[in-house]
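Trainee: Next comes run-v5.pdb, PDB, C-alpha atoms, pLDDT in the B column:
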ATOM      1  CA  MET F  18      95.361-246.420 -28.522  1.00 57.00           C
ATOM      2  CA  THR F  19      97.790-243.586 -28.952  1.00 65.00           C
ATOM      3  CA  GLY F  20     101.537-244.160 -28.910  1.00 61.00           C
ATOM      4  CA  LYS F  21     104.028-242.443 -26.705  1.00 73.00           C
ATOM      5  CA  ALA F  22     105.753-239.416 -28.103  1.00 72.00           C
ATOM      6  CA  LYS F  23     109.383-240.075 -28.870  1.00 73.00           C
ATOM      7  CA  PRO F  24     111.883-237.440 -27.760  1.00 71.00           C
ATOM      8  CA  LYS F  25     113.589-235.678 -30.614  1.00 73.00           C
ATOM      9  CA  LYS F  26     117.318-236.143 -31.010  1.00 81.00           C
ATOM     10  CA  HIS F  27     119.615-233.175 -31.244  1.00 83.00           C
ATOM     11  CA  THR F  28     121.211-232.723 -34.606  1.00 87.00           C
ATOM     12  CA  ALA F  29     124.976-232.452 -35.038  1.00 88.00           C
ATOM     13  CA  LYS F  30     124.485-228.865 -36.200  1.00 90.00           C
ATOM     14  CA  GLU F  31     122.674-227.925 -32.970  1.00 92.00           C
ATOM     15  CA  ILE F  32     125.303-229.586 -30.795  1.00 91.00           C
ATOM     16  CA  GLN F  33     128.133-227.860 -32.686  1.00 91.00           C
ATOM     17  CA  ALA F  34     126.340-224.510 -32.346  1.00 91.00           C
ATOM     18  CA  LYS F  35     126.049-225.020 -28.570  1.00 90.00           C
ATOM     19  CA  ILE F  36     129.733-225.899 -28.283  1.00 88.00           C
ATOM     20  CA  ASP F  37     130.688-222.904 -30.413  1.00 86.00           C
ATOM     21  CA  ALA F  38     128.510-220.562 -28.350  1.00 83.00           C
ATOM     22  CA  ALA F  39     129.981-221.868 -25.106  1.00 82.00           C
ATOM     23  CA  LEU F  40     133.628-221.690 -26.123  1.00 80.00           C
ATOM     24  CA  THR F  41     133.812-218.578 -28.326  1.00 76.00           C
ATOM     25  CA  ASN F  42     134.537-215.208 -26.746  1.00 68.00           C
ATOM     26  CA  ARG F  43     131.586-213.017 -27.742  1.00 73.00           C
ATOM     27  CA  GLY F  44     132.990-209.939 -26.040  1.00 70.00           C
ATOM     28  CA  GLY F  45     130.702-209.766 -23.011  1.00 76.00           C
ATOM     29  CA  GLY F  46     131.500-209.227 -19.352  1.00 78.00           C
ATOM     30  CA  LYS F  47     134.698-207.956 -17.746  1.00 78.00           C
ATOM     31  CA  ASP F  48     136.930-209.924 -20.117  1.00 72.00           C
ATOM     32  CA  GLY F  49     135.138-208.437 -23.120  1.00 73.00           C
ATOM     33  CA  ILE F  50     135.561-204.898 -21.836  1.00 72.00           C
ATOM     34  CA  ALA F  51     139.269-205.498 -21.250  1.00 70.00           C
ATOM     35  CA  ASP F  52     139.593-207.011 -24.720  1.00 67.00           C
ATOM     36  CA  ARG F  53     137.836-204.105 -26.438  1.00 66.00           C
ATOM     37  CA  THR F  54     139.718-201.387 -24.566  1.00 64.00           C
ATOM     38  CA  GLY F  55     143.068-203.117 -25.007  1.00 59.00           C
ATOM     39  CA  LYS F  56     144.203-202.543 -21.420  1.00 61.00           C
ATOM     40  CA  VAL F  57     145.407-206.080 -20.728  1.00 61.00           C
ATOM     41  CA  LYS F  58     147.261-207.304 -23.819  1.00 60.00           C
ATOM     42  CA  GLY F  59     146.124-205.082 -26.638  1.00 53.00           C
ATOM     43  CA  GLY F  60     143.097-207.159 -27.596  1.00 61.00           C
ATOM     44  CA  HIS F  61     141.348-206.016 -30.760  1.00 68.00           C
ATOM     45  CA  ALA F  62     142.704-202.545 -30.238  1.00 73.00           C
ATOM     46  CA  LYS F  63     146.105-202.670 -31.888  1.00 81.00           C
ATOM     47  CA  PHE F  64     146.761-199.020 -32.733  1.00 87.00           C
ATOM     48  CA  GLU F  65     146.117-195.906 -30.644  1.00 88.00           C
ATOM     49  CA  CYS F  66     145.559-192.445 -32.048  1.00 91.00           C
ATOM     50  CA  PRO F  67     148.185-190.033 -30.668  1.00 91.00           C
ATOM     51  CA  HIS F  68     145.704-187.130 -30.679  1.00 92.00           C
ATOM     52  CA  CYS F  69     142.552-188.490 -29.030  1.00 92.00           C
ATOM     53  CA  LYS F  70     143.726-191.902 -27.699  1.00 88.00           C
ATOM     54  CA  ILE F  71     141.004-193.843 -29.495  1.00 87.00           C
ATOM     55  CA  THR F  72     141.981-197.369 -30.560  1.00 84.00           C
ATOM     56  CA  ALA F  73     141.651-199.186 -33.897  1.00 85.00           C
ATOM     57  CA  PRO F  74     142.379-202.767 -34.995  1.00 82.00           C
ATOM     58  CA  ASP F  75     144.425-201.947 -38.120  1.00 86.00           C
ATOM     59  CA  LEU F  76     146.133-199.155 -40.047  1.00 90.00           C
ATOM     60  CA  LYS F  77     143.335-198.683 -42.581  1.00 93.00           C
ATOM     61  CA  THR F  78     140.747-198.144 -39.852  1.00 91.00           C
ATOM     62  CA  MET F  79     143.072-195.734 -38.081  1.00 92.00           C
ATOM     63  CA  GLN F  80     143.585-193.796 -41.334  1.00 94.00           C
ATOM     64  CA  ILE F  81     139.794-193.540 -41.835  1.00 94.00           C
ATOM     65  CA  HIS F  82     139.412-192.332 -38.231  1.00 93.00           C
ATOM     66  CA  HIS F  83     142.190-189.772 -38.660  1.00 94.00           C
ATOM     67  CA  GLU F  84     140.791-188.361 -41.896  1.00 94.00           C
ATOM     68  CA  SER F  85     137.328-187.939 -40.401  1.00 94.00           C
ATOM     69  CA  LYS F  86     138.225-186.705 -36.896  1.00 94.00           C
ATOM     70  CA  HIS F  87     141.506-184.837 -37.450  1.00 94.00           C
ATOM     71  CA  PRO F  88     141.346-183.438 -41.010  1.00 94.00           C
ATOM     72  CA  LYS F  89     143.609-180.433 -40.290  1.00 94.00           C
ATOM     73  CA  ILE F  90     146.474-182.578 -38.959  1.00 93.00           C
ATOM     74  CA  ALA F  91     148.620-184.543 -41.409  1.00 93.00           C
ATOM     75  CA  TYR F  92     148.367-188.338 -41.085  1.00 92.00           C
ATOM     76  CA  ASP F  93     151.661-189.945 -40.026  1.00 92.00           C
ATOM     77  CA  GLU F  94     151.830-193.710 -39.395  1.00 89.00           C
ATOM     78  CA  SER F  95     155.063-193.401 -37.414  1.00 90.00           C
ATOM     79  CA  LYS F  96     153.262-191.493 -34.631  1.00 90.00           C
ATOM     80  CA  LEU F  97     150.746-194.292 -34.018  1.00 89.00           C
ATOM     81  CA  VAL F  98     151.186-196.346 -30.847  1.00 84.00           C
ATOM     82  CA  ASN F  99     151.222-200.131 -31.371  1.00 84.00           C
ATOM     83  CA  LEU F 100     149.497-201.453 -28.253  1.00 77.00           C
ATOM     84  CA  HIS F 101     150.393-205.082 -28.968  1.00 73.00           C
ATOM     85  CA  ALA F 102     154.094-204.196 -28.766  1.00 74.00           C
ATOM     86  CA  VAL F 103     153.693-201.997 -25.695  1.00 71.00           C
ATOM     87  CA  LEU F 104     151.249-204.110 -23.664  1.00 65.00           C
ATOM     88  CA  ALA F 105     152.420-207.599 -24.685  1.00 59.00           C
ATOM     89  CA  PRO F 106     152.527-209.988 -21.711  1.00 58.00           C
ATOM     90  CA  VAL F 107     155.942-211.149 -20.576  1.00 56.00           C
ATOM     91  CA  ALA F 108     156.551-214.822 -21.346  1.00 55.00           C
ATOM     92  CA  GLU F 109     157.020-217.058 -18.337  1.00 57.00           C
ATOM     93  CA  SER F 110     160.383-218.758 -18.058  1.00 59.00           C
ATOM     94  CA  LYS F 111     159.053-221.744 -16.102  1.00 58.00           C
ATOM     95  CA  PRO F 112     156.933-224.188 -18.155  1.00 54.00           C
ATOM     96  CA  LYS F 113     153.395-224.906 -17.036  1.00 52.00           C
ATOM     97  CA  PRO F 114     152.939-228.481 -15.764  1.00 51.00           C
ATOM     98  CA  GLY F 115     149.496-228.829 -17.401  1.00 51.00           C
ATOM     99  CA  ILE F 116     150.961-228.349 -20.836  1.00 52.00           C
ATOM    100  CA  ARG F 117     154.313-230.156 -20.624  1.00 51.00           C
ATOM    101  CA  GLY F 118     153.505-232.809 -18.085  1.00 53.00           C
ATOM    102  CA  SER F 119     155.090-233.386 -14.723  1.00 55.00           C
ATOM    103  CA  LEU F 120     158.310-231.580 -13.886  1.00 57.00           C
ATOM    104  CA  LYS F 121     159.454-234.555 -11.770  1.00 61.00           C
ATOM    105  CA  LYS F 122     161.713-236.998 -13.599  1.00 57.00           C
TER
END
Here is the file; what I need is its structure written in the form of structure tokens.
Mentor:
Amino acid sequence: MTGKAKPKKHTAKEIQAKIDAALTNRGGGKDGIADRTGKVKGGHAKFECPHCKITAPDLKTMQIHHESKHPKIAYDESKLVNLHAVLAPVAESKPKPGIRGSLKK
């Protein structure tokens, strides 16, 4: 007589990978587009080129872009637009009940 096949258990590594995949922003969908373009709060795009309006996450990347795309124009860090400073969301003055608890005392 043959025995019944036992179902395999999920390993902790598999479960953690599923949780990570479900909760990590992978950059897809409408939220991913907004994050990449930096239109909402800056996202990954921190600096904006003043000449062609392309965005870059840091100064080194922006310098590489500038040297390759605008070689005849001198590179000046002071002309770069910091999107995180410009597009930063305004902090709410009223606390959120889900974080602090009930507002009733």
Trainee: Using Å and a single decimal, report how far CA of Glu94 (chain F) sits from CA of Thr72 (chain F).
Mentor: 13.7 Å
Trainee: So, counting all atoms listed in the file, which residue among F:Ile71, F:Leu40, F:Ala62, F:Ile81 is closest to Ala102 (chain F)?
Mentor: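 Among F:Ile71, F:Leu40, F:Ala62, F:Ile81, it is F:Ala62 that comes nearest to Ala102 (chain F).
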Trainee: Hey, can you check how far CA of His82 (chain F) sits from CA of Ile50 (chain F)?
Mentor: 21.0 Å
Trainee: Nearest to Pro88 (chain F): which of F:His68, F:Ala51, F:Lys30, F:Thr41 is it, counting all atoms listed in the file?
Mentor: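 Among the listed residues, F:His68 lies closest to Pro88 (chain F).
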Trainee: Go ahead and compute the interatomic distance for CA of Glu31 (chain F) and CA of Gly49 (chain F), in Å to one decimal.
Mentor: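 These atoms are spaced 25.1 Å apart.
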Trainee: Tell me, as a list of chain:residue names, which residues lie within 9 Å of Gln80 (chain F), counting only C-alpha atoms; anything in the same chain fewer than 5 positions away does not count.
Mentor: F:Asp75, F:Ser85, F:Tyr92, F:Glu94
Trainee: Evaluate the PyMOL selection byres ((chain F and resi 67) around 12) against this structure - the residues, as a PyMOL selection string, please.
Mentor: chain F and resi 64-66+68-73+79+82-83+87+90+92-100
Trainee: Would you put the residues from that selection into a file with C-alpha atoms, as an mmCIF file, keeping the file's coordinate frame?
Mentor:
data_model
loop_
_atom_site.group_PDB
_atom_site.id
_atom_site.type_symbol
_atom_site.label_atom_id
_atom_site.label_comp_id
_atom_site.auth_asym_id
_atom_site.auth_seq_id
_atom_site.Cartn_x
_atom_site.Cartn_y
_atom_site.Cartn_z
ATOM 1 C CA PHE F 64 146.761 -199.020 -32.733
ATOM 2 C CA GLU F 65 146.117 -195.906 -30.644
ATOM 3 C CA CYS F 66 145.559 -192.445 -32.048
ATOM 4 C CA HIS F 68 145.704 -187.130 -30.679
ATOM 5 C CA CYS F 69 142.552 -188.490 -29.030
ATOM 6 C CA LYS F 70 143.726 -191.902 -27.699
ATOM 7 C CA ILE F 71 141.004 -193.843 -29.495
ATOM 8 C CA THR F 72 141.981 -197.369 -30.560
ATOM 9 C CA ALA F 73 141.651 -199.186 -33.897
ATOM 10 C CA MET F 79 143.072 -195.734 -38.081
ATOM 11 C CA HIS F 82 139.412 -192.332 -38.231
ATOM 12 C CA HIS F 83 142.190 -189.772 -38.660
ATOM 13 C CA HIS F 87 141.506 -184.837 -37.450
ATOM 14 C CA ILE F 90 146.474 -182.578 -38.959
ATOM 15 C CA TYR F 92 148.367 -188.338 -41.085
ATOM 16 C CA ASP F 93 151.661 -189.945 -40.026
ATOM 17 C CA GLU F 94 151.830 -193.710 -39.395
ATOM 18 C CA SER F 95 155.063 -193.401 -37.414
ATOM 19 C CA LYS F 96 153.262 -191.493 -34.631
ATOM 20 C CA LEU F 97 150.746 -194.292 -34.018
ATOM 21 C CA VAL F 98 151.186 -196.346 -30.847
ATOM 22 C CA ASN F 99 151.222 -200.131 -31.371
ATOM 23 C CA LEU F 100 149.497 -201.453 -28.253
#
Trainee: Box in all listed atoms of region 58-77 of chain F, axis-aligned, with 4 Å more on each side; write out centre and edge lengths in Å to one decimal as lines of an AutoDock Vina configuration file.
Mentor:
center_x = 144.6
center_y = -197.2
center_z = -33.2
size_x = 15.2
size_y = 28.2
size_z = 26.8
